[in-house]
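S.K.: data.pdb (PDB, C-alpha atoms) pasted underneath:
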ATOM      1  CA  MET A   1      94.204  19.636 -97.859  1.00  0.00           C
ATOM      2  CA  ASN A   2      96.739  20.714-100.441  1.00  0.00           C
ATOM      3  CA  ILE A   3      97.926  17.366-101.807  1.00  0.00           C
ATOM      4  CA  SER A   4     101.287  18.665-103.057  1.00  0.00           C
ATOM      5  CA  GLU A   5     102.098  20.273 -99.714  1.00  0.00           C
ATOM      6  CA  ALA A   6     101.049  17.131 -97.874  1.00  0.00           C
ATOM      7  CA  LEU A   7     103.279  14.978-100.087  1.00  0.00           C
ATOM      8  CA  LEU A   8     106.267  17.231 -99.416  1.00  0.00           C
ATOM      9  CA  LYS A   9     105.623  17.317 -95.676  1.00  0.00           C
ATOM     10  CA  GLU A  10     107.183  13.909 -95.087  1.00  0.00           C
ATOM     11  CA  HIS A  11     107.875  10.615 -96.823  1.00  0.00           C
ATOM     12  CA  SER A  12     106.250   8.022 -94.608  1.00  0.00           C
ATOM     13  CA  LYS A  13     103.645   5.309 -94.770  1.00  0.00           C
ATOM     14  CA  ALA A  14     101.461   7.201 -92.309  1.00  0.00           C
ATOM     15  CA  ASN A  15     101.507  10.301 -94.507  1.00  0.00           C
ATOM     16  CA  ALA A  16     100.829   8.308 -97.693  1.00  0.00           C
ATOM     17  CA  LEU A  17      97.866   6.592 -96.008  1.00  0.00           C
ATOM     18  CA  ASN A  18      96.570   9.919 -94.701  1.00  0.00           C
ATOM     19  CA  ILE A  19      96.654  11.458 -98.183  1.00  0.00           C
ATOM     20  CA  ALA A  20      95.038   8.351 -99.708  1.00  0.00           C
ATOM     21  CA  THR A  21      92.272   8.541 -97.103  1.00  0.00           C
ATOM     22  CA  TYR A  22      91.724  12.221 -97.887  1.00  0.00           C
ATOM     23  CA  ILE A  23      91.429  11.460-101.621  1.00  0.00           C
ATOM     24  CA  GLY A  24      89.249   8.391-101.008  1.00  0.00           C
ATOM     25  CA  GLU A  25      86.821   7.828-103.890  1.00  0.00           C
ATOM     26  CA  ASP A  26      86.733  11.489-104.906  1.00  0.00           C
ATOM     27  CA  LYS A  27      87.373  11.663-108.667  1.00  0.00           C
ATOM     28  CA  ASP A  28      88.407  15.333-108.613  1.00  0.00           C
ATOM     29  CA  ARG A  29      90.953  14.799-105.845  1.00  0.00           C
ATOM     30  CA  PHE A  30      92.213  11.701-107.631  1.00  0.00           C
ATOM     31  CA  LYS A  31      92.629  13.742-110.814  1.00  0.00           C
ATOM     32  CA  GLN A  32      94.736  16.218-108.820  1.00  0.00           C
ATOM     33  CA  LEU A  33      96.932  13.315-107.672  1.00  0.00           C
ATOM     34  CA  ILE A  34      97.325  12.122-111.277  1.00  0.00           C
ATOM     35  CA  GLU A  35      98.358  15.639-112.319  1.00  0.00           C
ATOM     36  CA  ILE A  36     100.993  15.650-109.580  1.00  0.00           C
ATOM     37  CA  PHE A  37     102.124  12.157-110.567  1.00  0.00           C
ATOM     38  CA  THR A  38     102.659  13.274-114.170  1.00  0.00           C
ATOM     39  CA  SER A  39     104.359  16.548-113.259  1.00  0.00           C
ATOM     40  CA  GLU A  40     108.035  17.405-113.570  1.00  0.00           C
ATOM     41  CA  GLU A  41     108.644  17.634-109.809  1.00  0.00           C
ATOM     42  CA  TYR A  42     110.879  14.671-108.941  1.00  0.00           C
ATOM     43  CA  ARG A  43     109.933  14.432-105.226  1.00  0.00           C
ATOM     44  CA  LEU A  44     106.237  14.915-105.866  1.00  0.00           C
ATOM     45  CA  VAL A  45     106.232  12.258-108.575  1.00  0.00           C
ATOM     46  CA  GLN A  46     108.064   9.813-106.302  1.00  0.00           C
ATOM     47  CA  ARG A  47     105.767  10.333-103.332  1.00  0.00           C
ATOM     48  CA  SER A  48     102.530  10.510-105.314  1.00  0.00           C
ATOM     49  CA  ALA A  49     103.330   7.111-106.878  1.00  0.00           C
ATOM     50  CA  TRP A  50     102.994   5.450-103.472  1.00  0.00           C
ATOM     51  CA  VAL A  51      99.659   7.163-102.759  1.00  0.00           C
ATOM     52  CA  LEU A  52      98.460   6.199-106.239  1.00  0.00           C
ATOM     53  CA  SER A  53      99.227   2.552-105.486  1.00  0.00           C
ATOM     54  CA  ILE A  54      97.339   2.671-102.183  1.00  0.00           C
ATOM     55  CA  ILE A  55      94.271   4.204-103.807  1.00  0.00           C
ATOM     56  CA  ALA A  56      94.341   1.787-106.753  1.00  0.00           C
ATOM     57  CA  ASP A  57      94.224  -1.116-104.288  1.00  0.00           C
ATOM     58  CA  LYS A  58      91.174   0.292-102.526  1.00  0.00           C
ATOM     59  CA  HIS A  59      89.366   1.933-105.450  1.00  0.00           C
ATOM     60  CA  PRO A  60      90.523   0.350-108.726  1.00  0.00           C
ATOM     61  CA  PHE A  61      87.710   1.978-110.689  1.00  0.00           C
ATOM     62  CA  LEU A  62      89.451   5.342-110.246  1.00  0.00           C
ATOM     63  CA  ILE A  63      92.592   4.177-112.035  1.00  0.00           C
ATOM     64  CA  LYS A  64      90.974   2.609-115.107  1.00  0.00           C
ATOM     65  CA  PRO A  65      90.521   5.823-117.139  1.00  0.00           C
ATOM     66  CA  TYR A  66      94.192   6.631-116.547  1.00  0.00           C
ATOM     67  CA  LEU A  67      95.732   3.272-117.547  1.00  0.00           C
ATOM     68  CA  PRO A  68      97.092   4.517-120.912  1.00  0.00           C
ATOM     69  CA  LEU A  69      98.660   7.475-119.102  1.00  0.00           C
ATOM     70  CA  LEU A  70     100.233   5.194-116.486  1.00  0.00           C
ATOM     71  CA  VAL A  71     101.749   2.977-119.173  1.00  0.00           C
ATOM     72  CA  LYS A  72     103.080   6.086-120.923  1.00  0.00           C
ATOM     73  CA  GLN A  73     104.780   7.132-117.664  1.00  0.00           C
ATOM     74  CA  LEU A  74     106.752   3.878-117.700  1.00  0.00           C
ATOM     75  CA  HIS A  75     108.718   5.018-120.759  1.00  0.00           C
ATOM     76  CA  ASN A  76     110.605   7.828-119.038  1.00  0.00           C
ATOM     77  CA  PRO A  77     109.918   7.564-115.322  1.00  0.00           C
ATOM     78  CA  LYS A  78     111.141  10.375-113.095  1.00  0.00           C
ATOM     79  CA  HIS A  79     111.922   7.873-110.325  1.00  0.00           C
ATOM     80  CA  ASP A  80     112.024   4.091-109.814  1.00  0.00           C
ATOM     81  CA  ALA A  81     108.972   4.544-107.581  1.00  0.00           C
ATOM     82  CA  VAL A  82     106.987   5.264-110.738  1.00  0.00           C
ATOM     83  CA  LYS A  83     107.905   1.911-112.298  1.00  0.00           C
ATOM     84  CA  ARG A  84     107.527  -0.008-109.056  1.00  0.00           C
ATOM     85  CA  ASN A  85     104.123   1.406-108.114  1.00  0.00           C
ATOM     86  CA  VAL A  86     102.617   1.461-111.612  1.00  0.00           C
ATOM     87  CA  LEU A  87     103.654  -2.148-112.183  1.00  0.00           C
ATOM     88  CA  ARG A  88     102.317  -3.095-108.740  1.00  0.00           C
ATOM     89  CA  ILE A  89      98.961  -1.592-109.755  1.00  0.00           C
ATOM     90  CA  LEU A  90      98.919  -3.251-113.186  1.00  0.00           C
ATOM     91  CA  GLN A  91      99.396  -6.718-111.682  1.00  0.00           C
ATOM     92  CA  PHE A  92      95.785  -6.672-110.527  1.00  0.00           C
ATOM     93  CA  ILE A  93      93.998  -4.493-113.076  1.00  0.00           C
ATOM     94  CA  ASP A  94      92.441  -5.722-116.314  1.00  0.00           C
ATOM     95  CA  ILE A  95      94.743  -4.360-118.981  1.00  0.00           C
ATOM     96  CA  PRO A  96      92.957  -2.826-121.968  1.00  0.00           C
ATOM     97  CA  ASP A  97      93.881  -4.087-125.432  1.00  0.00           C
ATOM     98  CA  GLU A  98      94.952  -0.591-126.479  1.00  0.00           C
ATOM     99  CA  VAL A  99      98.003  -0.725-124.167  1.00  0.00           C
ATOM    100  CA  MET A 100      98.603  -4.487-124.011  1.00  0.00           C
ATOM    101  CA  GLY A 101     101.369  -4.652-126.634  1.00  0.00           C
ATOM    102  CA  GLU A 102     103.151  -1.562-125.341  1.00  0.00           C
ATOM    103  CA  LEU A 103     102.982  -2.860-121.776  1.00  0.00           C
ATOM    104  CA  ALA A 104     104.239  -6.305-122.824  1.00  0.00           C
ATOM    105  CA  ASP A 105     107.273  -4.725-124.514  1.00  0.00           C
ATOM    106  CA  LEU A 106     108.010  -2.586-121.469  1.00  0.00           C
ATOM    107  CA  CYS A 107     107.674  -5.545-119.104  1.00  0.00           C
ATOM    108  CA  PHE A 108     109.946  -7.746-121.213  1.00  0.00           C
ATOM    109  CA  ASN A 109     112.511  -4.921-121.182  1.00  0.00           C
ATOM    110  CA  PHE A 110     112.239  -4.508-117.402  1.00  0.00           C
ATOM    111  CA  LEU A 111     112.486  -8.241-116.852  1.00  0.00           C
ATOM    112  CA  THR A 112     115.600  -8.653-118.995  1.00  0.00           C
ATOM    113  CA  SER A 113     117.387  -5.531-117.786  1.00  0.00           C
ATOM    114  CA  SER A 114     120.280  -6.049-115.391  1.00  0.00           C
ATOM    115  CA  LYS A 115     119.691  -2.570-113.962  1.00  0.00           C
ATOM    116  CA  GLU A 116     116.147  -2.992-112.664  1.00  0.00           C
ATOM    117  CA  ALA A 117     115.280  -3.513-109.020  1.00  0.00           C
ATOM    118  CA  ILE A 118     113.971  -6.939-108.029  1.00  0.00           C
ATOM    119  CA  ALA A 119     110.476  -5.624-107.240  1.00  0.00           C
ATOM    120  CA  ILE A 120     110.183  -4.116-110.713  1.00  0.00           C
ATOM    121  CA  LYS A 121     111.283  -7.396-112.331  1.00  0.00           C
ATOM    122  CA  VAL A 122     108.887  -9.454-110.210  1.00  0.00           C
ATOM    123  CA  PHE A 123     105.917  -7.179-110.934  1.00  0.00           C
ATOM    124  CA  ALA A 124     106.793  -7.200-114.662  1.00  0.00           C
ATOM    125  CA  MET A 125     106.961 -10.999-114.611  1.00  0.00           C
ATOM    126  CA  THR A 126     103.493 -11.195-113.034  1.00  0.00           C
ATOM    127  CA  ILE A 127     102.009  -8.814-115.605  1.00  0.00           C
ATOM    128  CA  LEU A 128     103.582 -10.815-118.419  1.00  0.00           C
ATOM    129  CA  GLU A 129     102.082 -14.014-117.034  1.00  0.00           C
ATOM    130  CA  ARG A 130      98.651 -12.402-117.295  1.00  0.00           C
ATOM    131  CA  ILE A 131      99.372 -11.124-120.812  1.00  0.00           C
ATOM    132  CA  VAL A 132     100.492 -14.520-122.131  1.00  0.00           C
ATOM    133  CA  ARG A 133      97.154 -15.994-121.072  1.00  0.00           C
ATOM    134  CA  GLN A 134      95.633 -13.804-123.799  1.00  0.00           C
ATOM    135  CA  TYR A 135      98.585 -14.133-126.178  1.00  0.00           C
ATOM    136  CA  PRO A 136      99.900 -17.685-125.744  1.00  0.00           C
ATOM    137  CA  GLU A 137     102.421 -17.200-128.560  1.00  0.00           C
ATOM    138  CA  LEU A 138     104.523 -15.217-126.028  1.00  0.00           C
ATOM    139  CA  THR A 139     104.580 -18.048-123.479  1.00  0.00           C
ATOM    140  CA  GLN A 140     107.805 -19.685-124.645  1.00  0.00           C
ATOM    141  CA  GLU A 141     109.665 -16.363-124.675  1.00  0.00           C
ATOM    142  CA  LEU A 142     108.605 -15.656-121.088  1.00  0.00           C
ATOM    143  CA  ILE A 143     109.576 -19.158-119.940  1.00  0.00           C
ATOM    144  CA  ILE A 144     113.047 -18.819-121.480  1.00  0.00           C
ATOM    145  CA  ILE A 145     113.651 -15.412-119.881  1.00  0.00           C
ATOM    146  CA  ILE A 146     112.541 -16.551-116.428  1.00  0.00           C
ATOM    147  CA  GLU A 147     114.576 -19.762-116.612  1.00  0.00           C
ATOM    148  CA  ASP A 148     117.663 -17.827-117.734  1.00  0.00           C
ATOM    149  CA  GLN A 149     117.414 -15.469-114.768  1.00  0.00           C
ATOM    150  CA  MET A 150     116.463 -17.959-112.052  1.00  0.00           C
ATOM    151  CA  PRO A 151     120.043 -18.943-111.071  1.00  0.00           C
ATOM    152  CA  TYR A 152     120.944 -15.289-110.478  1.00  0.00           C
ATOM    153  CA  GLY A 153     117.682 -14.079-108.949  1.00  0.00           C
ATOM    154  CA  SER A 154     116.917 -13.118-105.384  1.00  0.00           C
ATOM    155  CA  ALA A 155     114.763 -15.322-103.166  1.00  0.00           C
ATOM    156  CA  GLY A 156     111.731 -13.227-104.129  1.00  0.00           C
ATOM    157  CA  PHE A 157     112.480 -13.524-107.832  1.00  0.00           C
ATOM    158  CA  LYS A 158     112.998 -17.293-107.569  1.00  0.00           C
ATOM    159  CA  SER A 159     109.795 -17.747-105.594  1.00  0.00           C
ATOM    160  CA  ARG A 160     107.651 -15.814-108.058  1.00  0.00           C
ATOM    161  CA  GLY A 161     109.514 -17.278-111.045  1.00  0.00           C
ATOM    162  CA  THR A 162     108.955 -20.840-109.845  1.00  0.00           C
ATOM    163  CA  LYS A 163     105.241 -20.181-109.342  1.00  0.00           C
ATOM    164  CA  ILE A 164     104.852 -18.566-112.762  1.00  0.00           C
ATOM    165  CA  LEU A 165     106.867 -21.268-114.563  1.00  0.00           C
ATOM    166  CA  LYS A 166     104.688 -23.936-112.997  1.00  0.00           C
ATOM    167  CA  ALA A 167     101.540 -22.137-114.203  1.00  0.00           C
ATOM    168  CA  LEU A 168     102.965 -21.567-117.702  1.00  0.00           C
ATOM    169  CA  LYS A 169     104.017 -25.184-118.199  1.00  0.00           C
ATOM    170  CA  LYS A 170     100.616 -26.669-117.387  1.00  0.00           C
TER     171      LYS A 170
END
Spell out the structure here as structure tokens.
M.R.:
Amino acid sequence: MNISEALLKEHSKANALNIATYIGEDKDRFKQLIEIFTSEEYRLVQRSAWVLSIIADKHPFLIKPYLPLLVKQLHNPKHDAVKRNVLRILQFIDIPDEVMGELADLCFNFLTSSKEAIAIKVFAMTILERIVRQYPELTQELIIIIEDQMPYGSAGFKSRGTKILKALKK
């Protein structure tokens, strides 16, 4: 299977799952997907982000060597799918110290931005909750930001915000 051609064939869940199944646990095929994900091709980057997320859920060990690269992609994403899927992945992965500060800054920026999609804000909030467990000096800042945004948030934002605030205030 040519992964790029398969990604361009159609944008559907069935196709994303099919490509993820083809890649499976194969490190070389996964590396090809990462190369596509970091390319300049807008559509390929968008569609590969979804496949990347599916594979990271099933085979998280494949993503670990690429975590610094994924965080770097958050600085100038080609598509919102990059932010959404990378942050979705990072919610559940142990974040290495080498990218922790950079990721915290990015997540605070996403969370406070009025331009970000709700999913991106919610995933950023979850990552920040995990980060403040290791760096409790950031707890108060996160609480203030979440509380400030709660009145204006969607149902999903309020639900996750309420859960995180409860955990932070224990």
S.K.: Which residues, named as in the file, does the PyMOL selection byres ((chain A and resi 23) around 12) pick out? Answer as a PyMOL selection string.
M.R.: chain A and resi 1-3+6+16-22+24-34+48+51-52+54-56+58-59+62
S.K.: From the set A:Glu40, A:Asp94, A:Glu5, A:Glu35, which residue has the shortest atom-to-atom contact distance to Leu67 (chain A), counting only C-alpha atoms?
M.R.: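 Residue with the minimum atom-to-atom distance to Leu67 (chain A): A:Asp94.
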S.K.: What does the structure give for the distance between CA of Thr38 (chain A) and CA of Arg130 (chain A), in Å to one decimal?
M.R.: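 Value for the CA of Thr38 (chain A)-CA of Arg130 (chain A) distance: 26.2 Å.
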S.K.: Around the point (108.9, 10.1, -111.3) in the file's coordinates, collect all residues with an atom within 10 Å, using all atoms listed in the file, and return them as number ranges by chain.
M.R.: A: 36-49, 73-74, 76-83
S.K.: Hey, can you check how far CA of Ala124 (chain A) sits from CA of Phe61 (chain A)?
M.R.: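 Computing the Euclidean distance for CA of Ala124 (chain A) and CA of Phe61 (chain A) yields 21.5 Å.
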S.K.: Can you list what the PyMOL selection byres ((chain A and resi 89) around 10) grabs from this structure, as a ChimeraX atom specification?
M.R.: /A:52-57,60,63,67,70,83-88,90-93,123,127
S.K.: CA of Ile143 (chain A) and CA of Leu165 (chain A) are how many Å apart?
M.R.: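 Between CA of Ile143 (chain A) and CA of Leu165 (chain A) the gap is 6.4 Å.
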S.K.: List, as a JSON list (two decimals) with C-alpha atoms, in the coordinates of the input, every residue that the PyMOL selection byres ((chain A and resi 112) around 10) selects in the file provided.
M.R.:
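Just written: selection_39.json:
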[["chain", "number", "residue", "atom", "x", "y", "z"],
["A", 107, "CYS", "CA", 107.67, -5.54, -119.10],
["A", 108, "PHE", "CA", 109.95, -7.75, -121.21],
["A", 109, "ASN", "CA", 112.51, -4.92, -121.18],
["A", 110, "PHE", "CA", 112.24, -4.51, -117.40],
["A", 111, "LEU", "CA", 112.49, -8.24, -116.85],
["A", 113, "SER", "CA", 117.39, -5.53, -117.79],
["A", 114, "SER", "CA", 120.28, -6.05, -115.39],
["A", 115, "LYS", "CA", 119.69, -2.57, -113.96],
["A", 116, "GLU", "CA", 116.15, -2.99, -112.66],
["A", 121, "LYS", "CA", 111.28, -7.40, -112.33],
["A", 124, "ALA", "CA", 106.79, -7.20, -114.66],
["A", 125, "MET", "CA", 106.96, -11.00, -114.61],
["A", 145, "ILE", "CA", 113.65, -15.41, -119.88],
["A", 146, "ILE", "CA", 112.54, -16.55, -116.43],
["A", 148, "ASP", "CA", 117.66, -17.83, -117.73],
["A", 149, "GLN", "CA", 117.41, -15.47, -114.77]]
S.K.: Can you work out which one of A:Leu7, A:Ile120, A:Leu168, A:Val99 has the shortest atom-to-atom distance to Gln140 (chain A), counting only C-alpha atoms?
M.R.: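 Comparing A:Leu7, A:Ile120, A:Leu168, A:Val99 against Gln140 (chain A), the winner is A:Leu168.
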S.K.: Would you mind putting back N, CA and C atoms on region 118-132 of chain A, then writing it out as an mmCIF file, in the frame of the given file?
M.R.:
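Dumped everything to result_23.cif:
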data_model
loop_
_atom_site.group_PDB
_atom_site.id
_atom_site.type_symbol
_atom_site.label_atom_id
_atom_site.label_comp_id
_atom_site.auth_asym_id
_atom_site.auth_seq_id
_atom_site.Cartn_x
_atom_site.Cartn_y
_atom_site.Cartn_z
ATOM 1 N N ILE A 118 114.662 -5.645 -108.078
ATOM 2 C CA ILE A 118 113.971 -6.939 -108.029
ATOM 3 C C ILE A 118 112.454 -6.763 -108.047
ATOM 4 N N ALA A 119 111.931 -5.819 -107.284
ATOM 5 C CA ALA A 119 110.476 -5.624 -107.240
ATOM 6 C C ALA A 119 109.925 -5.305 -108.627
ATOM 7 N N ILE A 120 110.629 -4.477 -109.369
ATOM 8 C CA ILE A 120 110.183 -4.116 -110.713
ATOM 9 C C ILE A 120 110.175 -5.350 -111.611
ATOM 10 N N LYS A 121 111.216 -6.170 -111.525
ATOM 11 C CA LYS A 121 111.283 -7.396 -112.331
ATOM 12 C C LYS A 121 110.158 -8.366 -111.960
ATOM 13 N N VAL A 122 109.912 -8.516 -110.672
ATOM 14 C CA VAL A 122 108.887 -9.454 -110.210
ATOM 15 C C VAL A 122 107.497 -8.986 -110.641
ATOM 16 N N PHE A 123 107.214 -7.695 -110.499
ATOM 17 C CA PHE A 123 105.917 -7.179 -110.934
ATOM 18 C C PHE A 123 105.761 -7.324 -112.452
ATOM 19 N N ALA A 124 106.839 -7.058 -113.204
ATOM 20 C CA ALA A 124 106.793 -7.200 -114.662
ATOM 21 C C ALA A 124 106.526 -8.653 -115.053
ATOM 22 N N MET A 125 107.151 -9.571 -114.343
ATOM 23 C CA MET A 125 106.961 -10.999 -114.611
ATOM 24 C C MET A 125 105.493 -11.390 -114.395
ATOM 25 N N THR A 126 104.890 -10.878 -113.344
ATOM 26 C CA THR A 126 103.493 -11.195 -113.034
ATOM 27 C C THR A 126 102.563 -10.630 -114.106
ATOM 28 N N ILE A 127 102.827 -9.414 -114.541
ATOM 29 C CA ILE A 127 102.009 -8.814 -115.605
ATOM 30 C C ILE A 127 102.146 -9.627 -116.884
ATOM 31 N N LEU A 128 103.366 -10.019 -117.209
ATOM 32 C CA LEU A 128 103.582 -10.815 -118.419
ATOM 33 C C LEU A 128 102.864 -12.161 -118.346
ATOM 34 N N GLU A 129 102.822 -12.756 -117.170
ATOM 35 C CA GLU A 129 102.082 -14.014 -117.034
ATOM 36 C C GLU A 129 100.616 -13.796 -117.407
ATOM 37 N N ARG A 130 100.054 -12.699 -116.971
ATOM 38 C CA ARG A 130 98.651 -12.402 -117.295
ATOM 39 C C ARG A 130 98.478 -12.117 -118.787
ATOM 40 N N ILE A 131 99.455 -11.448 -119.383
ATOM 41 C CA ILE A 131 99.372 -11.124 -120.812
ATOM 42 C C ILE A 131 99.456 -12.386 -121.664
ATOM 43 N N VAL A 132 100.340 -13.315 -121.300
ATOM 44 C CA VAL A 132 100.492 -14.520 -122.131
ATOM 45 C C VAL A 132 99.261 -15.426 -122.065
#
